[in-house]
Structure formats: C-alpha cells, structure tokens
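Okay, target-v4.cif now, which holds mmCIF, C-alpha atoms:
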data_start
loop_
_atom_site.label_atom_id
_atom_site.label_comp_id
_atom_site.auth_asym_id
_atom_site.auth_seq_id
_atom_site.Cartn_x
_atom_site.Cartn_y
_atom_site.Cartn_z
CA MET A 1 18.48 -27.56 39.19
CA ASN A 2 15.18 -29.33 39.58
CA GLU A 3 13.66 -29.51 36.07
CA LYS A 4 10.11 -29.77 37.46
CA ASN A 5 10.35 -26.38 39.09
CA LYS A 6 11.79 -24.69 36.07
CA TYR A 7 9.60 -21.74 35.13
CA LYS A 8 8.25 -22.18 31.65
CA ILE A 9 6.12 -19.69 29.74
CA ASP A 10 3.44 -21.26 27.55
CA GLU A 11 1.70 -19.95 24.47
CA ASN A 12 -1.59 -19.25 26.24
CA THR A 13 0.11 -17.05 28.80
CA VAL A 14 1.71 -15.09 26.00
CA ARG A 15 -1.56 -14.80 24.09
CA GLU A 16 -3.32 -13.58 27.23
CA LYS A 17 -0.64 -11.01 27.89
CA LEU A 18 -0.90 -9.82 24.29
CA GLN A 19 -4.54 -8.97 25.03
CA GLU A 20 -3.06 -6.00 26.90
CA VAL A 21 -1.35 -4.67 23.78
CA MET A 22 -3.86 -2.36 22.16
CA ASP A 23 -4.20 -0.73 18.79
CA PRO A 24 -3.13 2.80 19.73
CA GLU A 25 -5.87 4.27 17.56
CA ILE A 26 -8.65 1.98 18.87
CA PRO A 27 -7.65 1.43 22.53
CA LYS A 28 -10.30 -1.25 23.20
CA LEU A 29 -8.98 -3.49 20.45
CA SER A 30 -6.01 -5.74 21.21
CA VAL A 31 -3.45 -6.93 18.67
CA VAL A 32 -4.74 -10.48 19.17
CA ASP A 33 -8.33 -9.51 18.38
CA LEU A 34 -7.21 -7.34 15.50
CA GLY A 35 -5.78 -10.55 14.03
CA VAL A 36 -2.25 -9.29 13.39
CA ILE A 37 -0.44 -11.84 15.55
CA THR A 38 0.43 -14.68 13.18
CA GLY A 39 2.97 -16.64 15.19
CA ILE A 40 4.10 -17.23 18.77
CA GLN A 41 7.20 -19.26 19.51
CA ILE A 42 8.79 -19.89 22.88
CA ASP A 43 12.07 -21.75 23.27
CA ASP A 44 13.44 -23.61 26.33
CA GLU A 45 15.07 -20.46 27.64
CA ASN A 46 11.73 -18.61 27.59
CA ASN A 47 12.84 -16.46 24.68
CA VAL A 48 9.69 -15.40 22.89
CA SER A 49 9.45 -14.59 19.21
CA ILE A 50 6.28 -13.07 17.90
CA THR A 51 5.37 -12.78 14.24
CA MET A 52 3.12 -9.93 13.29
CA THR A 53 1.57 -8.85 9.99
CA PRO A 54 0.57 -5.23 9.29
CA THR A 55 -3.08 -4.35 8.63
CA PHE A 56 -1.87 -1.89 5.98
CA ALA A 57 1.66 -1.75 4.58
CA GLY A 58 2.08 1.89 5.58
CA CYS A 59 0.41 1.65 8.99
CA PRO A 60 2.32 3.96 11.35
CA ALA A 61 0.98 2.12 14.42
CA VAL A 62 3.04 -1.02 13.70
CA GLU A 63 6.20 0.32 15.28
CA TYR A 64 4.27 1.39 18.39
CA MET A 65 2.59 -2.00 18.75
CA LYS A 66 5.90 -3.75 18.23
CA ASN A 67 7.52 -1.84 21.10
CA ASP A 68 4.49 -2.34 23.30
CA ILE A 69 4.61 -6.12 22.71
CA VAL A 70 8.23 -6.25 23.85
CA GLU A 71 7.43 -4.17 26.92
CA LYS A 72 4.35 -6.16 27.96
CA LEU A 73 5.90 -9.59 27.37
CA SER A 74 9.06 -8.69 29.22
CA ALA A 75 6.88 -8.43 32.33
CA LEU A 76 6.31 -12.22 32.05
CA LYS A 77 9.94 -12.74 33.03
CA ALA A 78 10.53 -13.87 29.50
CA GLY A 79 14.02 -14.08 28.07
CA VAL A 80 14.64 -12.12 24.91
CA VAL A 81 11.43 -10.94 23.25
CA LYS A 82 11.60 -10.48 19.49
CA VAL A 83 8.92 -9.22 17.16
CA ASP A 84 9.28 -9.92 13.46
CA VAL A 85 6.95 -8.00 11.16
CA ASN A 86 6.49 -9.72 7.81
CA TYR A 87 3.99 -10.59 5.09
CA ASP A 88 4.20 -14.39 5.29
CA VAL A 89 0.56 -14.31 6.30
CA GLN A 90 -1.28 -11.39 4.72
CA TRP A 91 -3.77 -9.66 6.97
CA ASN A 92 -7.37 -9.18 5.93
CA SER A 93 -10.36 -7.88 7.87
CA ASN A 94 -11.88 -11.37 8.18
CA MET A 95 -9.06 -12.08 10.63
CA ILE A 96 -10.55 -9.76 13.26
CA THR A 97 -11.95 -12.03 16.01
CA ASP A 98 -15.58 -11.99 17.19
CA ARG A 99 -14.48 -10.22 20.34
CA GLY A 100 -12.56 -7.76 18.14
CA ARG A 101 -15.73 -7.03 16.18
CA GLU A 102 -17.57 -6.48 19.47
CA MET A 103 -14.87 -4.01 20.55
CA LEU A 104 -15.01 -2.16 17.25
CA LYS A 105 -18.75 -1.76 17.69
CA GLU A 106 -18.30 -0.52 21.24
CA SER A 107 -15.78 1.98 19.95
CA GLY A 108 -18.37 3.41 17.56
CA PHE A 109 -17.24 1.80 14.33
CA ALA A 110 -19.36 0.12 11.69
CA LEU A 111 -18.03 -3.37 11.04
CA PRO A 112 -16.24 -4.57 7.91
CA GLY A 113 -18.45 -7.01 6.01
CA LYS A 114 -17.05 -10.54 5.78
CA HIS A 115 -15.85 -11.40 2.29
CA ASN A 116 -14.33 -14.26 0.31
CA GLY A 117 -11.09 -12.48 -0.50
CA LEU A 118 -12.52 -10.04 -3.02
CA VAL A 119 -13.90 -6.78 -1.70
CA GLN A 120 -16.66 -5.45 -3.95
CA ILE A 121 -18.21 -2.00 -3.79
CA GLU A 122 -21.45 -3.57 -2.47
CA LEU A 123 -19.67 -4.34 0.80
CA LEU A 124 -19.33 -0.61 1.34
CA GLN A 125 -22.95 0.27 0.60
CA ASN A 126 -25.84 0.43 3.10
CA VAL A 127 -23.48 -0.31 5.94
CA GLU A 128 -25.28 -0.53 9.28
CA CYS A 129 -25.03 2.70 11.29
CA PRO A 130 -23.23 1.99 14.58
CA PHE A 131 -25.35 4.63 16.37
CA CYS A 132 -28.94 3.80 15.38
CA GLY A 133 -28.67 0.51 13.48
CA SER A 134 -30.26 1.90 10.31
CA LYS A 135 -29.09 0.70 6.92
CA GLN A 136 -30.28 3.89 5.22
CA THR A 137 -26.70 5.03 4.89
CA ASP A 138 -24.45 6.41 2.16
CA LEU A 139 -20.77 5.81 1.56
CA ARG A 140 -19.12 9.25 1.62
CA SER A 141 -15.47 8.33 1.15
CA THR A 142 -13.49 5.11 0.99
CA PHE A 143 -10.69 6.97 2.76
CA GLY A 144 -10.89 8.21 6.33
CA PRO A 145 -8.76 9.55 9.17
CA THR A 146 -6.60 6.42 9.15
CA GLN A 147 -5.79 3.96 6.36
CA CYS A 148 -8.22 1.38 7.76
CA ARG A 149 -11.35 3.54 7.91
CA ALA A 150 -14.03 4.66 5.47
CA ILE A 151 -16.57 7.46 6.06
CA HIS A 152 -20.33 6.99 5.79
CA TYR A 153 -23.40 9.10 6.53
CA CYS A 154 -26.59 7.88 8.18
CA ASN A 155 -29.78 9.29 6.66
CA ASN A 156 -31.81 8.14 9.65
CA CYS A 157 -29.95 9.68 12.58
CA LEU A 158 -28.20 12.27 10.40
CA GLN A 159 -24.70 11.58 11.62
CA SER A 160 -21.41 10.74 9.96
CA PHE A 161 -19.77 7.55 11.09
CA GLU A 162 -16.63 5.60 10.39
CA GLN A 163 -16.38 2.04 9.22
CA PHE A 164 -13.44 -0.28 9.73
CA LYS A 165 -12.82 -1.08 6.06
CA PRO A 166 -13.27 -4.53 4.60
CA VAL A 167 -9.88 -5.44 3.12
CA MET B 1 8.70 -21.25 -5.80
CA ASN B 2 11.90 -19.30 -5.32
CA GLY B 3 13.31 -17.74 -2.20
CA ILE B 4 16.04 -15.13 -2.26
CA ASN B 5 18.80 -17.72 -2.04
CA ASP B 6 17.63 -19.85 -4.96
CA PHE B 7 18.51 -17.25 -7.58
CA THR B 8 21.41 -17.23 -10.00
CA GLU B 9 23.33 -14.00 -10.43
CA ILE B 10 21.35 -12.83 -13.46
CA GLN B 11 18.03 -13.70 -11.80
CA THR B 12 19.01 -11.71 -8.71
CA GLU B 13 19.98 -8.76 -10.90
CA ALA B 14 16.70 -8.95 -12.79
CA ALA B 15 14.61 -9.20 -9.62
CA LYS B 16 16.46 -6.30 -8.00
CA ASN B 17 16.00 -4.13 -11.09
CA LEU B 18 12.27 -4.84 -11.02
CA LEU B 19 12.03 -4.10 -7.30
CA TYR B 20 13.85 -0.78 -7.67
CA ARG B 21 11.49 0.29 -10.43
CA LEU B 22 8.43 -0.61 -8.38
CA ALA B 23 9.71 0.90 -5.15
CA ASP B 24 10.92 4.16 -6.70
CA ASP B 25 7.56 4.69 -8.43
CA GLN B 26 5.84 4.24 -5.06
CA LEU B 27 8.21 6.53 -3.20
CA ILE B 28 8.02 9.37 -5.69
CA LEU B 29 4.28 9.23 -6.37
CA GLY B 30 3.68 8.79 -2.64
CA HIS B 31 5.59 11.98 -2.05
CA ARG B 32 3.75 13.80 -4.83
CA ASN B 33 0.37 12.66 -3.50
CA SER B 34 1.32 13.89 -0.04
CA GLU B 35 1.79 17.35 -1.55
CA CYS B 36 -1.97 17.35 -2.19
CA THR B 37 -2.56 17.39 1.57
CA GLY B 38 -4.36 20.62 2.37
CA LEU B 39 -4.96 21.40 -1.30
CA GLY B 40 -7.75 18.97 -2.22
CA PRO B 41 -10.83 20.56 -3.83
CA ILE B 42 -13.00 19.05 -1.08
CA LEU B 43 -12.08 17.64 2.33
CA GLU B 44 -12.73 14.02 1.28
CA GLU B 45 -10.31 14.34 -1.64
CA ASP B 46 -7.73 15.90 0.58
CA ILE B 47 -8.01 12.87 2.88
CA ALA B 48 -8.07 10.40 -0.02
CA PHE B 49 -4.84 11.67 -1.58
CA SER B 50 -3.13 11.83 1.82
CA SER B 51 -4.26 8.29 2.60
CA MET B 52 -3.08 6.96 -0.75
CA ALA B 53 0.24 8.75 -0.20
CA GLN B 54 0.61 6.86 3.06
CA ASP B 55 -0.19 3.55 1.32
CA LYS B 56 2.39 4.26 -1.39
CA LEU B 57 5.13 5.12 1.07
CA GLY B 58 4.27 1.91 2.95
CA HIS B 59 4.55 -0.04 -0.29
CA SER B 60 7.90 1.53 -1.12
CA GLN B 61 9.18 0.67 2.34
CA ALA B 62 8.14 -3.00 2.04
CA LEU B 63 9.83 -3.22 -1.38
CA TYR B 64 13.02 -1.50 -0.18
CA GLN B 65 13.02 -3.88 2.80
CA LEU B 66 12.89 -6.82 0.41
CA LEU B 67 15.83 -5.32 -1.51
CA HIS B 68 17.64 -4.99 1.81
CA ASN B 69 16.96 -8.67 2.51
CA MET B 70 18.60 -9.35 -0.86
CA GLY B 71 21.79 -7.61 0.21
CA GLU B 72 21.10 -3.97 -0.71
CA LYS B 73 21.48 -1.17 1.84
CA ASP B 74 18.78 -0.47 4.42
CA PRO B 75 15.50 1.13 3.25
CA ASP B 76 16.25 4.69 4.42
CA THR B 77 19.70 4.67 2.84
CA ILE B 78 18.32 3.38 -0.45
CA ALA B 79 15.44 5.84 -0.42
CA PHE B 80 17.40 8.94 0.51
CA THR B 81 21.03 8.68 -0.53
CA ARG B 82 21.10 7.65 -4.15
CA LYS B 83 22.00 9.99 -6.99
CA VAL B 84 19.14 11.16 -9.18
CA ASN B 85 20.24 8.98 -12.12
CA GLU B 86 20.15 5.93 -9.87
CA TYR B 87 16.40 6.21 -9.37
CA LYS B 88 14.37 4.03 -11.72
CA CYS B 89 10.95 5.66 -11.49
CA CYS B 90 8.95 6.50 -14.62
CA HIS B 91 8.38 10.11 -15.72
CA LEU B 92 4.65 10.03 -14.93
CA VAL B 93 5.24 9.98 -11.17
CA GLU B 94 7.81 12.80 -11.27
CA TYR B 95 5.59 15.63 -12.50
CA PRO B 96 4.40 18.24 -10.00
CA ILE B 97 0.83 17.78 -8.75
CA GLY B 98 -0.50 20.54 -11.02
CA GLU B 99 -4.25 21.04 -10.85
CA TYR B 100 -6.57 18.45 -9.32
CA ASP B 101 -7.55 17.04 -12.74
CA PHE B 102 -3.91 16.22 -13.52
CA SER B 103 -3.32 14.53 -10.16
CA LEU B 104 -6.55 12.58 -10.49
CA MET B 105 -5.81 11.38 -14.05
CA ARG B 106 -2.27 10.40 -13.06
CA HIS B 107 -3.65 8.52 -10.07
CA PHE B 108 -6.17 6.70 -12.28
CA LEU B 109 -3.70 5.69 -15.00
CA PHE B 110 -0.97 4.72 -12.57
CA ASP B 111 -3.04 2.87 -9.99
CA MET B 112 -4.90 0.87 -12.63
CA SER B 113 -1.49 -0.39 -13.77
CA GLU B 114 -0.45 -1.06 -10.17
CA ALA B 115 -3.57 -3.07 -9.41
CA ILE B 116 -2.95 -5.29 -12.46
CA ARG B 117 0.80 -5.48 -11.84
CA PHE B 118 0.46 -6.65 -8.24
CA ASN B 119 -2.32 -9.00 -9.20
CA MET B 120 0.10 -10.57 -11.71
CA LEU B 121 2.92 -10.56 -9.18
CA SER B 122 0.81 -12.34 -6.57
CA SER B 123 1.52 -15.52 -8.53
CA SER B 124 5.21 -14.72 -9.08
CA SER B 125 7.67 -17.57 -8.67
CA PHE B 126 9.62 -15.19 -6.44
CA GLU B 127 7.73 -16.00 -3.26
CA PRO B 128 8.78 -13.02 -1.06
CA LEU B 129 7.53 -10.65 -3.77
CA ALA B 130 4.36 -12.69 -4.31
CA LYS B 131 3.50 -12.35 -0.62
CA ILE B 132 3.89 -8.58 -0.68
CA ALA B 133 1.88 -8.39 -3.89
CA ARG B 134 -1.00 -10.31 -2.32
CA LYS B 135 -1.03 -7.74 0.46
CA PHE B 136 -0.88 -4.68 -1.82
CA LYS B 137 -3.68 -5.97 -4.03
CA GLY B 138 -6.31 -5.47 -1.34
CA GLU B 139 -5.16 -1.93 -0.62
CA LEU B 140 -5.01 -0.98 -4.30
CA LYS B 141 -8.62 -2.03 -4.75
CA TYR B 142 -9.56 1.13 -2.84
CA HIS B 143 -7.30 3.28 -4.98
CA THR B 144 -8.84 2.09 -8.24
CA MET B 145 -12.38 2.28 -6.85
CA HIS B 146 -11.69 5.89 -5.91
CA ALA B 147 -10.08 6.76 -9.23
CA VAL B 148 -12.77 5.17 -11.40
CA THR B 149 -15.56 6.94 -9.45
CA TRP B 150 -14.04 10.39 -9.95
CA ILE B 151 -12.97 9.92 -13.58
CA ASN B 152 -16.56 9.02 -14.28
CA GLN B 153 -17.96 11.93 -12.25
CA LEU B 154 -15.76 14.52 -13.92
CA GLY B 155 -15.93 13.04 -17.40
CA THR B 156 -19.73 13.02 -17.38
CA GLY B 157 -20.05 16.25 -15.40
CA SER B 158 -21.16 19.60 -16.70
CA GLY B 159 -19.26 22.83 -17.31
CA GLU B 160 -15.51 22.73 -17.68
CA SER B 161 -14.88 19.38 -15.96
CA PRO B 162 -15.09 17.11 -19.08
CA PHE B 163 -12.74 19.45 -20.98
CA ARG B 164 -10.22 19.58 -18.18
CA ILE B 165 -10.22 15.85 -17.59
CA GLN B 166 -9.80 15.24 -21.35
CA LYS B 167 -6.86 17.64 -21.43
CA SER B 168 -5.28 15.81 -18.50
CA LEU B 169 -5.76 12.50 -20.27
CA ASP B 170 -4.00 13.86 -23.36
CA VAL B 171 -1.09 15.08 -21.23
CA CYS B 172 -0.84 11.98 -19.03
CA PHE B 173 -1.30 9.28 -21.65
CA PRO B 174 2.22 9.33 -23.19
CA LEU B 175 3.68 9.64 -19.70
CA ALA B 176 1.63 6.67 -18.53
CA LEU B 177 2.93 4.54 -21.40
CA GLY B 178 6.36 5.16 -19.89
CA ILE B 179 5.33 3.00 -16.92
CA PHE B 180 5.79 0.02 -19.24
CA GLU B 181 9.30 0.83 -20.48
CA PRO B 182 10.89 -2.59 -20.84
CA SER B 183 14.20 -3.37 -19.18
CA LYS B 184 17.03 -5.54 -20.47
CA TYR B 185 15.86 -8.17 -17.99
CA GLU B 186 12.41 -8.77 -19.50
CA GLU B 187 13.33 -12.19 -20.90
CA THR B 188 14.79 -13.41 -17.64
CA LEU B 189 11.82 -12.12 -15.65
CA ILE B 190 9.37 -13.82 -17.99
CA SER B 191 11.20 -17.13 -18.44
CA GLU B 192 11.76 -17.45 -14.68
CA LYS B 193 8.10 -16.57 -14.07
CA ILE B 194 9.13 -13.74 -11.78
CA PHE B 195 6.97 -11.29 -13.76
CA PHE B 196 4.87 -11.60 -16.91
CA GLY B 197 6.64 -8.59 -18.40
CA GLU B 198 5.87 -4.94 -19.15
CA LYS B 199 4.40 -5.68 -22.56
CA ALA B 200 1.80 -8.06 -21.16
CA LEU B 201 1.04 -5.58 -18.41
CA GLN B 202 0.52 -2.73 -20.86
CA GLU B 203 -1.94 -4.82 -22.87
CA LYS B 204 -3.97 -5.70 -19.81
CA TRP B 205 -3.82 -2.11 -18.66
CA LEU B 206 -5.23 -0.82 -21.95
CA GLU B 207 -8.03 -3.37 -21.71
CA ALA B 208 -8.85 -2.05 -18.25
CA VAL B 209 -8.54 1.72 -18.69
CA ILE B 210 -10.11 2.19 -22.13
CA PRO B 211 -13.65 1.10 -21.13
CA VAL B 212 -13.58 3.37 -18.06
CA LEU B 213 -12.41 6.35 -20.11
CA LYS B 214 -14.95 5.68 -22.86
CA ASN B 215 -17.72 5.32 -20.29
CA ALA B 216 -16.75 8.72 -18.96
CA GLY B 217 -17.18 10.13 -22.47
CA LEU B 218 -13.49 10.72 -23.07
CA VAL B 219 -11.59 10.40 -26.34
CA ILE B 220 -8.78 7.87 -26.17
CA PRO B 221 -5.51 9.21 -27.61
CA ASP B 222 -4.37 7.29 -30.67
CA ILE B 223 -1.77 4.98 -29.24
CA GLU B 224 -0.04 4.56 -32.61
CA ASN B 225 0.69 8.27 -32.77
CA VAL B 226 1.78 8.75 -29.20
CA THR B 227 5.42 8.60 -28.14
CA ALA B 228 5.79 6.84 -24.83
CA ALA B 229 7.86 8.78 -22.29
CA TYR B 230 10.72 6.34 -21.84
CA GLY B 231 13.99 6.92 -20.01
CA GLY B 232 13.02 6.86 -16.36
CA ARG B 233 13.75 3.16 -15.93
CA GLU B 234 17.31 3.82 -17.21
CA GLY B 235 17.90 6.75 -14.90
CA ILE B 236 17.13 9.51 -17.39
CA HIS B 237 14.60 11.73 -15.67
CA THR B 238 12.55 14.88 -16.13
CA GLU B 239 13.70 18.18 -14.69
CA TYR B 240 11.18 17.70 -11.87
CA LEU B 241 12.81 14.79 -10.10
CA LYS B 242 15.94 16.43 -8.73
CA PRO B 243 14.21 19.29 -6.88
CA LEU B 244 11.77 16.74 -5.43
CA ILE B 245 14.54 14.49 -4.15
CA ASP B 246 16.44 17.49 -2.77
CA GLU B 247 13.37 18.52 -0.80
CA MET B 248 12.55 14.97 0.28
CA THR B 249 16.04 14.35 1.62
CA GLU B 250 16.69 17.76 3.18
CA VAL B 251 16.27 16.66 6.80
CA TYR B 252 18.02 13.34 6.20
CA LYS B 253 21.05 15.15 4.81
CA ILE B 254 21.24 17.52 7.78
CA ASP B 255 20.88 14.73 10.36
CA THR B 256 20.93 11.14 9.12
CA GLY B 257 20.03 9.78 12.57
CA ALA B 258 17.07 12.10 13.15
CA GLU B 259 14.02 10.42 14.66
CA TRP B 260 10.45 11.59 14.65
#
Spit out the file's structure as structure tokens when you get a sec.
Amino acid sequence: MNEKNKYKIDENTVREKLQEVMDPEIPKLSVVDLGVITGIQIDDENNVSITMTPTFAGCPAVEYMKNDIVEKLSALKAGVVKVDVNYDVQWNSNMITDRGREMLKESGFALPGKHNGLVQIELLQNVECPFCGSKQTDLRSTFGPTQCRAIHYCNNCLQSFEQFKPV
Amino acid sequence: MNGINDFTEIQTEAAKNLLYRLADDQLILGHRNSECTGLGPILEEDIAFSSMAQDKLGHSQALYQLLHNMGEKDPDTIAFTRKVNEYKCCHLVEYPIGEYDFSLMRHFLFDMSEAIRFNMLSSSSFEPLAKIARKFKGELKYHTMHAVTWINQLGTGSGESPFRIQKSLDVCFPLALGIFEPSKYEETLISEKIFFGEKALQEKWLEAVIPVLKNAGLVIPDIENVTAAYGGREGIHTEYLKPLIDEMTEVYKIDTGAEW
C-alpha cells in the first residue's frame, strides 16, 4: 500500500465536523462552541477518541450529544469513534467561545458574565436584556427551564428573558 | 496526589465509605426534592426544587460512577438494588417533603454543608474525587444562593412565616447534625488528606449557617442540648427510607433493562 495515499483524518477535520453536533436545547450552539470538547485524539487507524466534559453533572443532553458525536464523526470514514465523558477538565461558562456567545445571543439568551472562577450574585444582577439591550432588569430566579438557565425580567421592554448562567 | 490504584486496602475502604455516604445523600435528597415538582408555593420555587433535584441526581451518578471505577457495581445497580440497611444516607434527607418551610430549611442546612464539603474535597489528595468536587462547587453556589435568599425572606417576613421557619429550624437542626456522623474511617481519611473529616466540616458549617439564621431573626437551637440524629451512616434509618426506596425502584424491579 502506498503510504502517501493513505487517508488520514486530522484534528481540524474532526473539530469542523463537531461544529455540526448541536446542543439539543440550543440548536444554533455546537458542542465545540459550548466548550465541552476537551480532547481529540486520532490514531494511525483513524480511530477517534473524543473527551467531553458535562456543563452540569446532571445534564440530560450529554447522552444525546455523545450519540450524535459518534454518528457525525462516523461519516468521516473514521475507524472506531469513542466518546469519554469525564471531569478531568471541569467546564465553566468562560469556556464558551466568542462564536458560541454570538449564537447564544442570536438564540435569545442573555450572556453569562465572564468571571475569575468565583460567581458572585452581582454577575446575575442588571444583566443586559437580549431583546432591547436595557440593563434595567431584575433577576427573577437563579433556576430556569434547564439547569444552565436563569430567569430575568426587563423593566424597559417588560418581557421575561432567560440567561445562560455564569458557572 | 492519589489515583484509584495508589490506595492501600484500608484507604480504598475509607474512600469508598465516604463516597457511598455522599452519593446516597444526593440520591435520596434528589428524589425528595423531585417530589416538590408541581407542589411549589410559586412557579419559580417549583422550578428551583426540580432543578436542584436534577443537580443532586447528577451528583449521585458521578459519585456512583467513581465507585464503579473503583470496582463496585455499575451506578444503576448500586443505586437501585441495595438493601435499605446498605444505604449510608443521613436521616435529614430521608424525611418526606412536608410543608414548604420544612423542605426549604432542609435544603438550606444540607446544601450549606455540601458547599463547604465539596470546597474542602476540591483539594483532596484523592484526585478523581477532587475533580468532581471542583465541578460540584460551582453548581452548589446556586443552591446556597437560593437557600440563603429564601431563609432571609421568610425569617424577616410578616405573618406566620417567621414562626413556621423557626419551627422548621427546630425540627431540622438535630437531623442536620446527623450529616456529620463520623465513621470509623475518619482517621484514615484525615491522615491521608482524602477528607478533612466530619468534625472539621461541622465546625465550618456552624460558622456559615449561624450568621445567616441570626440575620433572618431566628433563634439558634442550643447545640449542647440537642441530640444529633446519628445512625444513617451505619445503615440504621428512619421509617421513611424504605417506602421511598420501594417507590424509587418500582420500575427497575419490574424491568431492569427498561429504557426511557
């Protein structure tokens, strides 16, 4: 077999393909931009192993994303695709990429404030309304429809909105 | 730093005992909190308790998974097939949800201890546990923020709310002290720097909860005259645990391979 012609998958190709794996609850946001992909390894036989870290320990979307990763990467003519979910790297909301933040905004979410590892209550106050941009807003509940969302109310445009929580 | 394979037999036993205690607390309180779904006094509280239930079940799963990595059975088998006296949860988490004030006070007292416990554990010499603890810490921040806000609201509120929240404190306090029931492994855990120990945790917990309770205008029960509700960590449980486990495992017992 001619070694030069041997088909070899590289990390960038995998990363690009992973852009097609979306958070099932925020379909514009990919797992890469969400920041949950913490490792990509490809061996000589094109077997791909992905390491992923959950946003929240009890996140029910992890299993779905895991299966979707296997399905999407298999289309690359990869060998065996494995996804290992662990806490070696612990996810926090600072790990969402700039493009991810853009997508969150487009999806109608207020953004999580950047922090230095410690989330203080101030980060949840006067959050910018994703609809009108006003900061005249009140935190209504630190818990929302999913583990990663908080609920706020905008006193300017009089609407409730959700924030992707700073964690 | 220790991995799973660096432990001696006694260290493994001590670490497993600690993990079972932590995981069982999470599983049982997670289940109790989920019973609040649809019963919260306002929609936001309904959502908060359901969300925290989901967090707790997630935490129990991660801890059971770590036990599985240490040679125990898989998480579902551990969670659903043990006998009642094999569970190591404390009595506080076993009680029915009662009225909102009870569930709220339990959530406050328990989650304040959890936040401190996982903060301590994030520097554990047992690296796999330290990693999980670092993750849980961030999530627990929201639980304590929530609890402190409402304890303050109800304690300083008008009408019957201060009386009810005081009554709940009096009921929950001895139960909460049961969280810190020491095990026979305390010395090993402390000397191996796996965990600073239940006694140290209880002290830090008191330092954290007393100011919040005082701020809310509540009277702190006299700790010297309170009998801590011990027994849970040794498998001696309240009458409430068995019916809960029976209900929790009903589907699993009918069809162990059921998927949903």
- Task: Identify every residue of chain B that has at least one atom within 7 Å of any atom of chain A, counting only C-alpha atoms, and report the result as a PyMOL selection string.
- Result: chain B and resi 44+47-48+51+54-55+57-59+131-132+135+138-139+142
- Item | Which of B:Phe80, B:Trp205, B:Ile194, B:Phe173 sits closest to Ile254 (chain B) [using all atoms listed in the file] |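 Selected residue with least distance to Ile254 (chain B): B:Phe80.
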- Item | Spatial neighbours of region 3-12 of chain B, 9 Å, only C-alpha atoms, chain gap at least 2 places, as a PyMOL selection string | chain B and resi 1+14-17+69-70+125-128+185+188-189+192+194
- Query: Of the residues B:Leu19, B:Ala216, B:Ile28, B:Val226, which is the one nearest to His91 (chain B), using all atoms listed in the file?
  - Reply: B:Ile28
- Query: Just so the selection is clear, what residues does the PyMOL selection byres ((chain A and resi 79) around 6) cover here, as a list in words?
  - Reply: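 Against this file, the PyMOL selection byres ((chain A and resi 79) around 6) returns the residues Asn46, Asn47, Ala78 and Val80 of chain A.
Shortest atom-to-atom contact with Gln202 (chain B) among B:Gly257, B:Pro221, B:Gly178, B:Pro162: B:Gly178, counting only C-alpha atoms.
For the atom pair formed by CA of Leu109 (chain B) and CA of Ser158 (chain B), the distance is 22.4 Å, given to one decimal.
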- Message: Please list as a PyMOL selection string every residue within 12 Å of Pro211 (chain B), counting all atoms listed in the file and excluding residues in the same chain fewer than 5 positions away.
- Response: chain B and resi 148+151-152+204-206+216-220
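CA of Gln61 (chain B) sits 16.8 Å away from CA of Tyr64 (chain A).
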- CA of Phe102 (chain B) to CA of Gln163 (chain A), straight-line distance in Å: 29.6 Å
- Excluding same-chain residues fewer than 5 positions from Asp68 (chain A), what lies within 12 Å of it counting all atoms listed in the file, as a ChimeraX atom specification? /A:17-24,30-31,61-63,73-75,81-83
- Between B:Val84, B:Ile236, B:Leu27, B:Cys36, which has the minimum distance to Pro96 (chain B) (counting only C-alpha atoms)?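 Selected residue with least distance to Pro96 (chain B): B:Cys36.
Using only C-alpha atoms, the protein and nucleic acid residues lying no more than 7 Å from Gly39 (chain A), apart from those fewer than 2 places from it along its own chain, are Ile37, Gln41, Ile50, Thr51 and Met52 of chain A.
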- Query: Do you know which residues are at most 10 Å from Phe196 (chain B) counting all atoms listed in the file, after dropping those on the same chain fewer than 2 positions away, and could you put them as a ChimeraX atom specification?
  - Reply: /B:117,120-121,123-124,186-187,189-194,198-201
- Rank nothing, just name the residue among B:Ala62, B:Ala133, B:Ala53, B:Met105 nearest to Leu213 (chain B), using only C-alpha atoms.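 Smallest distance to Leu213 (chain B) is found for B:Met105.
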Any chance you could resolve the PyMOL selection byres ((chain A and resi 101) around 10) against this file and give the residues as a PDB file with C-alpha atoms, in the frame of the given file?
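The resulting file, expr_5.pdb, is shown below:
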ATOM      1  CA  LEU A  29      -8.980  -3.490  20.450  1.00  0.00           C
ATOM      2  CA  ASP A  33      -8.330  -9.510  18.380  1.00  0.00           C
ATOM      3  CA  LEU A  34      -7.210  -7.340  15.500  1.00  0.00           C
ATOM      4  CA  SER A  93     -10.360  -7.880   7.870  1.00  0.00           C
ATOM      5  CA  ASN A  94     -11.880 -11.370   8.180  1.00  0.00           C
ATOM      6  CA  ILE A  96     -10.550  -9.760  13.260  1.00  0.00           C
ATOM      7  CA  THR A  97     -11.950 -12.030  16.010  1.00  0.00           C
ATOM      8  CA  ASP A  98     -15.580 -11.990  17.190  1.00  0.00           C
ATOM      9  CA  ARG A  99     -14.480 -10.220  20.340  1.00  0.00           C
ATOM     10  CA  GLY A 100     -12.560  -7.760  18.140  1.00  0.00           C
ATOM     11  CA  GLU A 102     -17.570  -6.480  19.470  1.00  0.00           C
ATOM     12  CA  MET A 103     -14.870  -4.010  20.550  1.00  0.00           C
ATOM     13  CA  LEU A 104     -15.010  -2.160  17.250  1.00  0.00           C
ATOM     14  CA  LYS A 105     -18.750  -1.760  17.690  1.00  0.00           C
ATOM     15  CA  GLU A 106     -18.300  -0.520  21.240  1.00  0.00           C
ATOM     16  CA  SER A 107     -15.780   1.980  19.950  1.00  0.00           C
ATOM     17  CA  PHE A 109     -17.240   1.800  14.330  1.00  0.00           C
ATOM     18  CA  ALA A 110     -19.360   0.120  11.690  1.00  0.00           C
ATOM     19  CA  LEU A 111     -18.030  -3.370  11.040  1.00  0.00           C
ATOM     20  CA  PRO A 112     -16.240  -4.570   7.910  1.00  0.00           C
ATOM     21  CA  PHE A 164     -13.440  -0.280   9.730  1.00  0.00           C
TER      22      PHE A 164
END
- Residues around (-7.8, 7.5, -10.0), cut-off 10 Å, counting only C-alpha atoms - what are they as an NGL selection string? :B and (49 or 101 or 103-112 or 142-152)
